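K.L.:
One file: work-v4.txt (compact mmCIF, C-alpha atoms).
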# COMPACT_ATOMS: atom_id res chain seq x y z
CA MET X 864 0.00 0.00 0.00
CA LYS X 865 2.82 2.37 0.90
CA LYS X 866 4.48 1.69 -2.44
CA ILE X 867 1.29 2.60 -4.32
CA ILE X 868 1.00 5.93 -2.45
CA ILE X 869 4.63 6.86 -3.24
CA ILE X 870 4.12 6.00 -6.92
CA LEU X 871 0.98 8.16 -7.09
CA MET X 872 2.77 11.17 -5.47
CA THR X 873 5.63 10.88 -7.94
CA LEU X 874 3.23 10.86 -10.88
CA VAL X 875 1.43 13.99 -9.57
CA SER X 876 4.76 15.90 -9.30
CA PHE X 877 5.76 14.82 -12.81
CA PHE X 878 2.50 16.03 -14.41
CA SER X 879 2.75 19.35 -12.50
CA LEU X 880 6.17 20.05 -14.06
CA ILE X 881 4.85 19.19 -17.51
CA SER X 882 2.02 21.68 -17.10
CA CYS X 883 4.46 24.62 -16.49
CA THR X 884 5.09 26.68 -19.68
CA PRO X 885 8.51 28.11 -20.79
CA ASN X 886 7.02 31.61 -20.42
CA ASP X 887 6.53 31.06 -16.70
CA LEU X 888 10.24 30.27 -16.27
CA THR X 889 11.28 33.25 -18.45
CA LYS X 890 9.11 35.63 -16.47
CA SER X 891 10.80 34.56 -13.28
CA ASP X 892 14.27 35.30 -14.78
CA ASP X 893 13.21 38.76 -16.00
CA ASP X 894 11.90 39.67 -12.58
CA GLN X 895 15.28 38.75 -11.13
CA ILE X 896 17.15 40.85 -13.69
CA ASN X 897 14.88 43.83 -13.03
CA GLU X 898 15.59 43.56 -9.35
CA GLU X 899 19.36 43.65 -10.00
CA GLU X 900 19.02 46.67 -12.28
CA LYS X 901 17.32 48.61 -9.54
CA HIS X 902 20.61 48.51 -7.62
CA GLN X 903 22.88 49.49 -10.56
CA GLU X 904 23.68 52.95 -12.03
CA THR X 905 24.31 53.28 -15.76
CA PHE X 906 26.64 55.96 -17.13
CA VAL X 907 26.68 57.58 -20.54
CA THR X 908 29.41 59.65 -22.23
CA ILE X 909 28.37 63.08 -23.50
CA ASP X 910 29.75 65.53 -26.04
CA LYS X 911 30.85 68.82 -24.47
CA LYS X 912 30.58 71.27 -27.35
CA SER X 913 27.18 70.17 -28.62
CA ILE X 914 25.62 70.46 -25.16
CA VAL X 915 27.33 73.80 -24.48
CA LEU X 916 25.99 75.07 -27.80
CA ASP X 917 22.46 74.04 -26.82
CA LYS X 918 22.73 75.67 -23.39
CA PHE X 919 24.76 78.85 -23.96
CA GLY X 920 24.72 79.40 -27.68
CA GLU X 921 27.82 80.07 -29.76
CA LEU X 922 31.04 80.42 -27.71
CA GLU X 923 34.56 81.21 -28.87
CA TYR X 924 37.01 78.82 -27.21
CA ILE X 925 40.13 80.77 -26.23
CA ASN X 926 42.00 78.09 -24.26
CA GLU X 927 40.67 74.67 -23.24
CA GLY X 928 41.36 72.01 -20.65
CA ILE X 929 42.88 73.95 -17.75
CA GLU X 930 43.19 71.50 -14.86
CA ILE X 931 42.24 72.61 -11.35
CA SER X 932 43.56 70.38 -8.59
CA ASN X 933 41.83 69.69 -5.29
CA GLU X 934 44.36 71.99 -3.55
CA LEU X 935 42.87 74.94 -5.46
CA SER X 936 39.22 73.97 -5.01
CA PHE X 937 38.60 76.70 -2.41
CA LYS X 938 39.29 79.33 -5.09
CA PHE X 939 36.34 78.09 -7.18
CA SER X 940 33.95 76.40 -4.75
CA HIS X 941 31.75 79.53 -4.61
CA VAL X 942 30.69 79.08 -8.25
CA GLN X 943 26.97 78.37 -8.27
CA GLY X 944 26.09 74.83 -9.36
CA LEU X 945 29.62 73.43 -9.08
CA ASP X 946 28.92 71.30 -6.01
CA TYR X 947 25.96 69.65 -7.76
CA LEU X 948 28.00 69.04 -10.92
CA LEU X 949 30.69 67.16 -9.01
CA THR X 950 28.16 64.82 -7.36
CA GLN X 951 26.73 63.72 -10.70
CA VAL X 952 29.88 62.69 -12.60
CA GLU X 953 32.15 59.70 -12.37
CA LYS X 954 35.52 61.00 -11.09
CA LEU X 955 38.42 59.06 -12.60
CA ASP X 956 41.23 61.18 -11.09
CA SER X 957 41.13 61.62 -7.33
CA ASN X 958 43.34 64.74 -7.42
CA LEU X 959 41.42 66.54 -10.17
CA TYR X 960 38.78 68.99 -8.98
CA ILE X 961 37.44 70.43 -12.24
CA HIS X 962 38.39 71.52 -15.76
CA LEU X 963 38.12 75.07 -17.08
CA ASP X 964 37.91 76.55 -20.56
CA ILE X 965 38.51 80.23 -21.20
CA VAL X 966 35.73 81.23 -23.59
CA LYS X 967 34.28 84.39 -25.08
CA GLN X 968 30.54 85.06 -25.10
CA ASN X 969 29.22 88.22 -26.75
CA GLY X 970 32.64 89.85 -26.49
CA VAL X 971 33.13 89.03 -22.78
CA TYR X 972 35.71 86.53 -21.45
CA LYS X 973 34.25 83.89 -19.16
CA LEU X 974 35.08 80.50 -17.63
CA LEU X 975 33.34 77.27 -18.60
CA TYR X 976 33.37 74.64 -15.84
CA TYR X 977 32.98 70.92 -16.55
CA TYR X 978 34.49 67.52 -15.80
CA PRO X 979 36.71 66.03 -18.57
CA ASN X 980 35.57 62.99 -20.61
CA MET X 981 32.36 63.27 -18.66
CA ARG X 982 30.41 60.08 -17.97
CA ILE X 983 27.18 60.91 -16.20
CA LYS X 984 24.29 59.00 -14.74
CA SER X 985 21.73 58.32 -17.44
CA SER X 986 19.04 59.91 -15.32
CA VAL X 987 20.86 63.28 -15.12
CA ASN X 988 20.14 66.18 -17.47
CA PRO X 989 23.54 66.93 -19.12
CA LEU X 990 22.66 70.61 -19.51
CA SER X 991 23.02 71.00 -15.73
CA LEU X 992 26.64 69.83 -15.80
CA PHE X 993 28.18 72.76 -17.69
CA ILE X 994 28.53 76.07 -15.89
CA LEU X 995 29.42 79.43 -17.42
CA SER X 996 30.69 82.00 -14.94
CA ASP X 997 32.68 85.22 -14.63
CA TYR X 998 36.41 85.23 -15.41
CA ILE X 999 38.29 85.04 -12.07
CA LEU X 1000 41.79 83.81 -13.01
CA PRO X 1001 44.78 85.80 -11.66
CA TYR X 1002 45.78 87.37 -14.98
CA SER X 1003 43.40 88.90 -17.51
CA VAL X 1004 43.10 87.56 -21.05
CA GLU X 1005 43.41 91.08 -22.48
CA LEU X 1006 46.82 91.55 -20.83
CA ILE X 1007 48.02 88.10 -21.91
CA LEU X 1008 47.04 88.66 -25.54
CA GLY X 1009 48.58 92.13 -25.42
CA HIS X 1010 51.91 90.68 -24.29
CA LEU X 1011 51.84 87.91 -26.89
CA SER X 1012 51.08 90.35 -29.70
CA ASN X 1013 54.47 91.99 -29.17
CA ILE X 1014 56.42 88.76 -29.59
CA GLN X 1015 57.25 87.41 -33.04
CA ASN X 1016 56.86 83.78 -34.11
CA VAL X 1017 54.77 82.75 -31.12
CA ALA X 1018 52.05 80.11 -31.10
CA LEU X 1019 48.35 80.93 -30.89
CA PHE X 1020 47.10 81.34 -27.34
CA THR X 1021 44.85 78.30 -27.83
CA ASN X 1022 48.02 76.16 -28.00
CA PHE X 1023 49.53 77.47 -24.76
CA SER X 1024 49.51 75.36 -21.62
CA ILE X 1025 47.98 77.15 -18.61
CA LYS X 1026 48.61 76.16 -14.99
CA LEU X 1027 47.49 77.65 -11.68
CA GLY X 1028 49.17 77.49 -8.29
CA ILE X 1029 49.48 79.10 -4.88
CA LYS X 1030 52.71 80.04 -3.11
CA ASP X 1031 53.10 78.02 0.08
CA VAL X 1032 55.70 77.59 2.80
CA SER X 1033 57.37 74.69 0.95
CA ASN X 1034 58.59 77.23 -1.67
CA THR X 1035 58.03 74.76 -4.52
CA LEU X 1036 56.23 75.58 -7.75
CA ASN X 1037 53.54 72.94 -7.14
CA GLU X 1038 51.15 72.95 -10.13
CA LEU X 1039 52.90 75.76 -12.04
CA HIS X 1040 55.31 75.35 -14.95
CA LYS X 1041 58.78 74.66 -13.58
CA ASN X 1042 61.76 76.60 -14.96
CA ASN X 1043 64.28 79.12 -13.73
CA ILE X 1044 62.16 82.15 -14.73
CA THR X 1045 59.00 80.98 -12.96
CA GLN X 1046 61.00 79.86 -9.91
CA ALA X 1047 62.68 83.26 -9.61
CA PHE X 1048 59.32 85.06 -9.83
CA TYR X 1049 57.71 82.58 -7.42
CA ASP X 1050 60.48 82.99 -4.83
CA VAL X 1051 59.82 86.68 -4.27
CA GLN X 1052 56.03 86.35 -3.87
CA PRO X 1053 54.50 86.25 -0.37
CA ASN X 1054 52.91 83.03 0.86
CA GLY X 1055 49.32 82.60 -0.29
CA THR X 1056 49.81 84.38 -3.63
CA PHE X 1057 47.56 82.97 -6.38
CA MET X 1058 49.54 82.69 -9.63
CA MET X 1059 48.98 81.73 -13.25
CA SER X 1060 51.71 80.46 -15.59
CA ILE X 1061 51.34 80.27 -19.38
CA TYR X 1062 53.84 78.29 -21.47
CA ASP X 1063 54.43 77.49 -25.14
CA GLU X 1064 56.57 74.35 -25.34
CA GLU X 1065 57.76 74.94 -28.89
CA SER X 1066 59.07 78.50 -28.46
CA GLN X 1067 59.65 78.09 -24.68
CA LEU X 1068 57.91 81.41 -24.07
CA ILE X 1069 56.73 81.71 -20.46
CA LEU X 1070 54.51 84.25 -18.74
CA ILE X 1071 53.76 84.13 -15.02
CA GLY X 1072 51.62 86.66 -13.17
CA THR X 1073 49.57 87.40 -10.08
CA GLY X 1074 47.19 90.02 -11.42
CA PHE X 1075 49.37 92.80 -10.01
CA ASN X 1076 52.84 91.65 -11.05
CA TYR X 1077 54.02 89.63 -14.01
CA LEU X 1078 57.13 88.36 -15.74
CA MET X 1079 57.48 87.27 -19.35
CA GLY X 1080 60.55 85.66 -20.83
CA ASN X 1081 62.06 82.81 -22.79
CA THR X 1082 63.83 79.84 -21.24
CA LYS X 1083 65.50 78.92 -24.53
CA SER X 1084 67.26 82.26 -25.02
CA ASN X 1085 67.48 83.11 -21.28
CA GLN X 1086 65.80 86.43 -21.91
CA VAL X 1087 63.25 88.49 -19.99
CA TYR X 1088 60.89 90.50 -22.22
CA TYR X 1089 58.75 92.24 -19.61
CA PRO X 1090 59.17 94.26 -17.48
CA ILE X 1091 61.76 95.63 -19.87
CA ALA X 1092 63.82 97.22 -17.08
CA TYR X 1093 64.84 93.80 -15.74
CA GLU X 1094 67.70 91.62 -16.83
CA PHE X 1095 67.48 87.84 -16.92
CA TYR X 1096 70.36 87.60 -14.44
CA ASP X 1097 68.41 89.61 -11.86
CA PHE X 1098 65.46 87.26 -11.92
CA THR X 1099 67.46 84.07 -11.82
CA ASN X 1100 69.39 85.37 -8.79
CA PRO X 1101 66.44 86.67 -6.75
CA LYS X 1102 68.19 87.31 -3.44
CA TYR X 1103 70.37 89.93 -5.16
CA ASN X 1104 67.48 91.39 -7.15
CA THR X 1105 67.30 94.70 -5.32
CA MET X 1106 68.34 97.33 -7.87
CA HIS X 1107 64.82 97.60 -9.29
CA GLN X 1108 62.99 97.88 -6.00
CA GLU X 1109 61.59 101.17 -4.71
CA LYS X 1110 64.39 103.74 -4.55
CA LEU X 1111 65.04 106.25 -1.77
CA TRP X 1112 66.80 109.58 -1.97
CA PHE X 1113 70.24 109.31 -0.35
CA SER X 1114 73.28 111.49 0.27
CA THR X 1115 76.96 110.63 0.67
CA ASN X 1116 78.13 114.18 1.41
CA PHE X 1117 76.51 114.99 4.74
CA GLY X 1118 73.11 115.71 3.22
CA GLU X 1119 74.24 118.46 0.84
CA ASN X 1120 73.10 116.62 -2.31
CA TYR X 1121 70.69 113.73 -2.76
CA LEU X 1122 70.48 111.07 -5.48
CA LEU X 1123 68.16 108.19 -6.41
CA ILE X 1124 70.87 106.51 -8.52
CA ASP X 1125 74.56 107.30 -8.88
CA GLU X 1126 75.07 106.93 -12.63
CA LYS X 1127 78.83 106.97 -12.39
CA VAL X 1128 78.78 103.95 -14.73
CA PRO X 1129 75.65 104.36 -16.92
CA THR X 1130 75.71 100.80 -18.34
CA PHE X 1131 77.41 97.82 -16.79
CA ASP X 1132 77.58 94.04 -16.51
CA VAL X 1133 77.48 92.34 -13.12
CA ARG X 1134 80.38 89.89 -12.58
CA TYR X 1135 79.95 89.04 -8.90
CA GLU X 1136 77.43 89.65 -6.13
CA ALA X 1137 77.49 89.20 -2.37
CA LEU X 1138 74.82 89.70 0.28
CA ASN X 1139 75.84 90.76 3.81
CA GLU X 1140 78.15 88.11 5.34
CA GLU X 1141 78.96 86.65 1.92
CA LEU X 1142 81.28 89.65 1.60
CA SER X 1143 84.68 89.90 3.30
CA ASN X 1144 86.85 92.76 4.61
CA TYR X 1145 84.06 95.25 5.20
CA ILE X 1146 82.27 97.21 7.95
CA PHE X 1147 78.54 97.88 7.61
CA PHE X 1148 76.09 99.29 10.14
CA TYR X 1149 73.09 101.57 10.39
CA ALA X 1150 71.91 103.96 13.12
CA LYS X 1151 68.37 105.25 13.56
CA ASN X 1152 69.30 107.46 16.52
CA HIS X 1153 72.34 109.04 18.12
CA ASP X 1154 72.76 106.36 20.80
CA GLU X 1155 72.86 103.60 18.16
CA PHE X 1156 75.40 105.64 16.23
CA ILE X 1157 77.70 105.98 19.26
CA ASN X 1158 77.49 102.27 20.04
CA ASN X 1159 78.25 101.24 16.46
CA ILE X 1160 81.11 103.71 16.17
CA ASN X 1161 82.68 102.23 19.32
CA LEU X 1162 82.33 98.73 17.86
CA ALA X 1163 83.94 99.87 14.60
CA LYS X 1164 86.89 101.28 16.57
CA THR X 1165 87.65 97.79 17.88
CA THR X 1166 87.70 96.22 14.41
CA SER X 1167 90.99 94.70 13.26
CA ILE X 1168 93.69 97.29 12.55
CA THR X 1169 94.54 95.28 9.40
CA LEU X 1170 91.05 95.79 8.04
CA LYS X 1171 90.98 99.54 8.63
CA TYR X 1172 94.66 100.07 7.99
CA ASP X 1173 94.18 103.37 6.13
CA ILE X 1174 91.55 104.93 8.42
CA LYS X 1175 92.97 107.74 10.53
CA SER X 1176 92.84 107.17 14.27
CA THR X 1177 90.73 110.32 14.65
CA TYR X 1178 88.24 109.43 11.87
CA PHE X 1179 85.51 107.92 14.06
CA ASP X 1180 85.73 110.73 16.62
CA GLU X 1181 85.29 113.22 13.79
CA LEU X 1182 82.09 111.41 12.74
CA LEU X 1183 80.70 111.76 16.24
CA SER X 1184 81.26 115.49 16.13
CA ILE X 1185 79.55 115.87 12.74
CA TYR X 1186 76.54 113.60 13.32
CA ASP X 1187 75.28 114.86 16.63
CA GLU X 1188 71.99 114.17 18.39
CA ALA X 1189 70.18 116.98 16.54
CA TYR X 1190 71.13 115.44 13.19
CA PHE X 1191 69.20 112.24 14.00
CA GLU X 1192 65.97 114.15 14.59
CA GLU X 1193 65.39 114.20 10.82
CA HIS X 1194 67.86 111.64 9.47
CA ILE X 1195 69.28 108.15 9.85
CA VAL X 1196 72.72 107.05 8.65
CA ILE X 1197 74.32 103.95 7.16
CA PHE X 1198 78.06 103.35 7.41
CA TYR X 1199 79.99 101.40 4.76
CA TYR X 1200 83.71 100.61 4.56
CA LYS X 1201 85.43 98.10 2.25
CA LEU X 1202 89.06 97.04 1.90
CA GLU X 1203 89.85 95.87 -1.63
CA THR X 1204 92.89 93.89 -2.77
CA ARG X 1205 92.65 95.61 -6.15
CA MET X 1206 92.17 99.21 -7.23
CA SER X 1207 88.43 98.64 -7.59
CA LYS X 1208 86.57 101.87 -7.05
CA ASN X 1209 83.50 101.41 -4.76
CA TYR X 1210 80.48 103.71 -4.89
CA VAL X 1211 76.91 103.72 -3.55
CA TYR X 1212 74.70 102.95 -6.55
CA SER X 1213 71.31 103.23 -4.81
CA VAL X 1214 69.28 102.61 -1.66
CA THR X 1215 66.16 100.52 -2.20
CA THR X 1216 63.33 99.11 -0.11
CA LYS X 1217 60.86 96.26 -0.30
CA GLY X 1218 58.43 95.65 2.55
CA ASP X 1219 60.30 96.14 5.82
CA THR X 1220 63.77 95.64 4.27
CA LEU X 1221 66.17 98.36 3.13
CA THR X 1222 69.17 97.53 0.92
CA LEU X 1223 72.34 99.52 0.35
CA ASN X 1224 73.47 98.70 -3.21
CA VAL X 1225 77.23 99.19 -3.57
CA HIS X 1226 79.03 98.77 -6.88
CA SER X 1227 82.72 98.02 -7.28
CA ILE X 1228 84.31 98.82 -10.65
CA LEU X 1229 86.45 95.78 -11.40
CA SER X 1230 90.12 96.57 -11.93
CA GLY X 1231 93.14 94.51 -12.92
CA ALA X 1232 95.54 96.61 -10.82
CA THR X 1233 96.70 94.53 -7.82
CA ALA X 1234 97.10 97.05 -5.02
CA PHE X 1235 95.21 97.58 -1.77
CA SER X 1236 92.52 100.25 -1.80
CA SER X 1237 89.70 101.15 0.56
CA TYR X 1238 86.44 103.08 0.36
CA THR X 1239 84.31 104.65 3.06
CA TYR X 1240 80.80 106.10 2.87
CA LEU X 1241 78.46 107.57 5.45
CA VAL X 1242 75.02 107.52 3.78
CA THR X 1243 72.29 109.89 4.96
CA LEU X 1244 68.58 109.11 4.58
CA ASN X 1245 65.45 111.05 5.47
CA ARG X 1246 63.90 109.58 8.64
CA LEU X 1247 60.38 109.78 7.21
CA ASP X 1248 61.42 107.63 4.23
CA VAL X 1249 62.40 104.67 6.40
CA GLU X 1250 59.42 104.40 8.72
CA GLY X 1251 58.52 100.73 9.09
CA ILE X 1252 61.99 99.50 8.05
CA THR X 1253 63.29 96.81 10.41
CA GLU X 1254 65.89 95.01 8.28
CA PHE X 1255 69.01 96.52 6.68
CA ASP X 1256 70.95 94.62 4.00
CA LEU X 1257 74.09 95.23 1.98
CA VAL X 1258 74.38 93.97 -1.61
CA TYR X 1259 77.83 94.33 -3.18
CA ARG X 1260 78.36 93.97 -6.92
CA SER X 1261 81.54 93.82 -8.98
CA ILE X 1262 80.79 95.41 -12.34
CA THR X 1263 82.51 96.05 -15.64
Let me see whether you can do it: turn the structure in this file into structure tokens.
P.N.:
Amino acid sequence: MKKIIIILMTLVSFFSLISCTPNDLTKSDDDQINEEEKHQETFVTIDKKSIVLDKFGELEYINEGIEISNELSFKFSHVQGLDYLLTQVEKLDSNLYIHLDIVKQNGVYKLLYYYPNMRIKSSVNPLSLFILSDYILPYSVELILGHLSNIQNVALFTNFSIKLGIKDVSNTLNELHKNNITQAFYDVQPNGTFMMSIYDEESQLILIGTGFNYLMGNTKSNQVYYPIAYEFYDFTNPKYNTMHQEKLWFSTNFGENYLLIDEKVPTFDVRYEALNEELSNYIFFYAKNHDEFINNINLAKTTSITLKYDIKSTYFDELLSIYDEAYFEEHIVIFYYKLETRMSKNYVYSVTTKGDTLTLNVHSILSGATAFSSYTYLVTLNRLDVEGITEFDLVYRSIT
């Protein structure tokens, strides 16, 4: 009896399977696939220029594909719609924040924001992922094009590489183009300065600027084009680059006559430079008041007799009688003495300032005559001109 029951149950199961149609099995598979698709996102690749044309109309593309790293994101995060854009794209480079194009719309330069090779969620409207905003880069397009127009055989601006960076305490160029011209410009900028470098690889033309200052030159010919007053040597030796700073009126004859520059040698080439302790056989000090002057004079008296071999024993006492307390009510003084092993005439070329630093620029006319010579200057400056100055430097140059 048990065997009969088992056989009957087996037959019932068999006929039930036969009664199921292929469509029933297929429907079950489709339901499973649909469930999986609910948990997957699909991405599509879009064409930048066609969508931009639909959204903004005709744009002139001035320079495309400027990369903005995450380190610079705070400079652009205020742009309306940018946060939303970045949540809707597939980011393939973890360090890339956004791409920029410089474009022109109805005669006005603007910035187009987007993510490169954009793959977006299929449910997202691609028009929302391109943003046109005001031009906020450190250096204006009008100035850049004006500079380039004065240079022959230079590539179109569309072919230039553009990089952006910020000066930080590490004193490295970071995202900017790296060469001796950009490094020299970068070195003299204060921390936090936002900079833009523009480079043409073929001609090796480089322009770097902050919006207030700029430098344009060529790394192939080692030449600086702008500002035209500067020489390439000055910029590639930034710690000595003081001749073109703000100039002060100075006197070397007890305040009788004042100069901005002593043009004793109108044109010259620099052969050697030294800053402060890099120089040897010299005395240099400044005095903002009479007490400082007395103290420094007494120190100078104790300097090696060999160094000041040709200074009369009464010389320093004579200075104290000339530069009395009343003199320091309106003036300060800088003392300079140099012993040369050649007949190399020294003279004060200029006195310059930058920030809280004042520099005495002394030139030495290089000579082949091997004989000892020495030169002494007491430089007078107007007290009002040096308010805020806390550092005093000496830069010495041998010139021909």
K.L.:
For Met1059 (chain X), which residue out of X:Glu1119, X:Glu930, X:Asp1132, X:Asp956 is the nearest one, using all atoms listed in the file?
P.N.:
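Closest candidate: X:Glu930.
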K.L.:
I'd like the interatomic distance between CA of Asn988 (chain X) and CA of Ile914 (chain X), to a tenth of an Å.
P.N.:
10.4 Å
K.L.:
May I have the protein, DNA and RNA residues with any atom at most 12 Å from the point (68.5, 115.1, 12.8), counting all atoms listed in the file, written as a PyMOL selection string?
P.N.:
chain X and resi 1117-1118+1150-1153+1185-1196+1243-1247
K.L.:
I want to know what sits within 10 Å of Thr1233 (chain X), based on only C-alpha atoms, with residues of the same chain fewer than 5 positions away left out; could you give that as a PyMOL selection string?
P.N.:
chain X and resi 1203-1207
K.L.:
For CA of Glu1141 (chain X) and CA of Ser1167 (chain X), determine how far apart the two atoms are, in Å to one decimal place.
P.N.:
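Straight-line distance from CA of Glu1141 (chain X) to CA of Ser1167 (chain X) works out to 18.4 Å.
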K.L.:
Nearest to Ser1261 (chain X) among X:Tyr947, X:Tyr1210, X:Tyr1238, X:Phe939, with distances taken over all atoms listed in the file: which residue is it?
P.N.:
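Between X:Tyr947, X:Tyr1210, X:Tyr1238, X:Phe939, the residue approaching Ser1261 (chain X) most closely is X:Tyr1210.
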K.L.:
Can you measure CA of Arg1134 (chain X) to CA of Met1079 (chain X) for me? One decimal in Å is fine.
P.N.:
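CA of Met1079 (chain X) lies 24.0 Å from CA of Arg1134 (chain X).
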K.L.:
Would you kindly return, as JSON, numbers by chain, each protein, DNA or RNA residue with an atom no farther than 8 Å from any atom of Ser932 (chain X), considering all atoms listed in the file and excluding same-chain residues fewer than 3 positions away?
P.N.:
{"X": [935, 936, 958, 959, 960, 961]}
K.L.:
Near Ser1003 (chain X), within 9 Å and counting all atoms listed in the file, which residues show up once chain neighbours fewer than 5 positions away are dropped, as a list in words?
P.N.:
Tyr972, Tyr998, Leu1008 and Gly1074 of chain X
K.L.:
Create the file for the chosen residues now, containing C-alpha atoms and written as a short mmCIF file (atom, residue, chain, number, x, y, z; two decimals), in the frame of the given file.
P.N.:
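out-v2.cif, freshly written:
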data_model
loop_
_atom_site.label_atom_id
_atom_site.label_comp_id
_atom_site.auth_asym_id
_atom_site.auth_seq_id
_atom_site.Cartn_x
_atom_site.Cartn_y
_atom_site.Cartn_z
CA TYR X 972 35.71 86.53 -21.45
CA TYR X 998 36.41 85.23 -15.41
CA LEU X 1008 47.04 88.66 -25.54
CA GLY X 1074 47.19 90.02 -11.42
#
K.L.:
Within 10 Å of (61.6, 94.7, -1.0), all atoms listed in the file: residues as a PyMOL selection string?
P.N.:
chain X and resi 1051+1104-1109+1215-1222
K.L.:
Report the centre and edge lengths, in Å to one decimal, of an axis-aligned box enclosing every atom of region 1202-1210 of chain X listed in the file, padded by 4 Å on each side, as AutoDock Vina command-line options.
P.N.:
--center_x 86.7 --center_y 98.8 --center_z -2.8 --size_x 20.4 --size_y 17.8 --size_z 17.5
K.L.:
Looking at X:Glu1155, X:Tyr1212, X:Phe1057, X:His962, which one is nearest to Lys938 (chain X), with distances taken over only C-alpha atoms?
P.N.:
X:Phe1057
K.L.:
Env of Tyr1259 (chain X): 6 Å cut, atoms = only C-alpha atoms, seq-sep filter 5 positions within chain, self excluded. Answer as number ranges by chain.
P.N.:
X: 1136-1137, 1225-1226
K.L.:
With distances taken over only C-alpha atoms, which residue among X:Gln1052, X:Ser913, X:Ser1024, X:Asn933 lies nearest Leu990 (chain X)?
P.N.:
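Going through X:Gln1052, X:Ser913, X:Ser1024, X:Asn933 one by one, the smallest distance to Leu990 (chain X) is for X:Ser913.
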K.L.:
Point out the residue among X:Ile1071, X:Ile1157, X:Leu1122, X:Ile1014 with the least atom-to-atom distance to Val1242 (chain X), counting only C-alpha atoms.
P.N.:
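Between X:Ile1071, X:Ile1157, X:Leu1122, X:Ile1014, the residue approaching Val1242 (chain X) most closely is X:Leu1122.
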K.L.:
With all atoms listed in the file as the atoms that count, which of X:Glu927, X:Glu1181, X:Asp1173, X:Asp1256 lies nearest to Thr1239 (chain X)?
P.N.:
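Of all the options, X:Asp1173 lies closest to Thr1239 (chain X).
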K.L.:
Please complete region 939-950 of chain X so it has N, CA, C and O atoms, and hand it over as a PDB file, in the frame of the given file.
P.N.:
ATOM      1  N   PHE X 939      37.432  78.186  -6.210  1.00  0.00           N
ATOM      2  CA  PHE X 939      36.340  78.090  -7.180  1.00  0.00           C
ATOM      3  C   PHE X 939      35.050  77.532  -6.589  1.00  0.00           C
ATOM      4  O   PHE X 939      34.022  77.506  -7.271  1.00  0.00           O
ATOM      5  N   SER X 940      35.096  77.086  -5.344  1.00  0.00           N
ATOM      6  CA  SER X 940      33.950  76.400  -4.750  1.00  0.00           C
ATOM      7  C   SER X 940      32.711  77.286  -4.624  1.00  0.00           C
ATOM      8  O   SER X 940      31.598  76.792  -4.433  1.00  0.00           O
ATOM      9  N   HIS X 941      32.886  78.612  -4.723  1.00  0.00           N
ATOM     10  CA  HIS X 941      31.750  79.530  -4.610  1.00  0.00           C
ATOM     11  C   HIS X 941      30.910  79.580  -5.886  1.00  0.00           C
ATOM     12  O   HIS X 941      29.807  80.140  -5.878  1.00  0.00           O
ATOM     13  N   VAL X 942      31.409  79.006  -6.976  1.00  0.00           N
ATOM     14  CA  VAL X 942      30.690  79.080  -8.250  1.00  0.00           C
ATOM     15  C   VAL X 942      29.384  78.303  -8.146  1.00  0.00           C
ATOM     16  O   VAL X 942      29.381  77.113  -7.799  1.00  0.00           O
ATOM     17  N   GLN X 943      28.295  78.964  -8.439  1.00  0.00           N
ATOM     18  CA  GLN X 943      26.970  78.370  -8.270  1.00  0.00           C
ATOM     19  C   GLN X 943      26.785  77.160  -9.191  1.00  0.00           C
ATOM     20  O   GLN X 943      27.022  77.228 -10.391  1.00  0.00           O
ATOM     21  N   GLY X 944      26.356  76.047  -8.602  1.00  0.00           N
ATOM     22  CA  GLY X 944      26.090  74.830  -9.360  1.00  0.00           C
ATOM     23  C   GLY X 944      27.242  73.863  -9.423  1.00  0.00           C
ATOM     24  O   GLY X 944      27.081  72.719  -9.873  1.00  0.00           O
ATOM     25  N   LEU X 945      28.430  74.280  -8.967  1.00  0.00           N
ATOM     26  CA  LEU X 945      29.620  73.430  -9.080  1.00  0.00           C
ATOM     27  C   LEU X 945      29.537  72.222  -8.152  1.00  0.00           C
ATOM     28  O   LEU X 945      29.923  71.105  -8.533  1.00  0.00           O
ATOM     29  N   ASP X 946      29.050  72.426  -6.948  1.00  0.00           N
ATOM     30  CA  ASP X 946      28.920  71.300  -6.010  1.00  0.00           C
ATOM     31  C   ASP X 946      28.013  70.213  -6.590  1.00  0.00           C
ATOM     32  O   ASP X 946      28.316  69.015  -6.509  1.00  0.00           O
ATOM     33  N   TYR X 947      26.886  70.624  -7.172  1.00  0.00           N
ATOM     34  CA  TYR X 947      25.960  69.650  -7.760  1.00  0.00           C
ATOM     35  C   TYR X 947      26.616  68.909  -8.924  1.00  0.00           C
ATOM     36  O   TYR X 947      26.496  67.688  -9.050  1.00  0.00           O
ATOM     37  N   LEU X 948      27.327  69.650  -9.774  1.00  0.00           N
ATOM     38  CA  LEU X 948      28.000  69.040 -10.920  1.00  0.00           C
ATOM     39  C   LEU X 948      28.906  67.896 -10.475  1.00  0.00           C
ATOM     40  O   LEU X 948      28.884  66.804 -11.051  1.00  0.00           O
ATOM     41  N   LEU X 949      29.692  68.138  -9.446  1.00  0.00           N
ATOM     42  CA  LEU X 949      30.690  67.160  -9.010  1.00  0.00           C
ATOM     43  C   LEU X 949      30.060  65.919  -8.378  1.00  0.00           C
ATOM     44  O   LEU X 949      30.699  64.873  -8.297  1.00  0.00           O
ATOM     45  N   THR X 950      28.816  66.006  -7.929  1.00  0.00           N
ATOM     46  CA  THR X 950      28.160  64.820  -7.360  1.00  0.00           C
ATOM     47  C   THR X 950      27.524  63.944  -8.432  1.00  0.00           C
ATOM     48  O   THR X 950      27.122  62.817  -8.141  1.00  0.00           O
TER      49      THR X 950
END
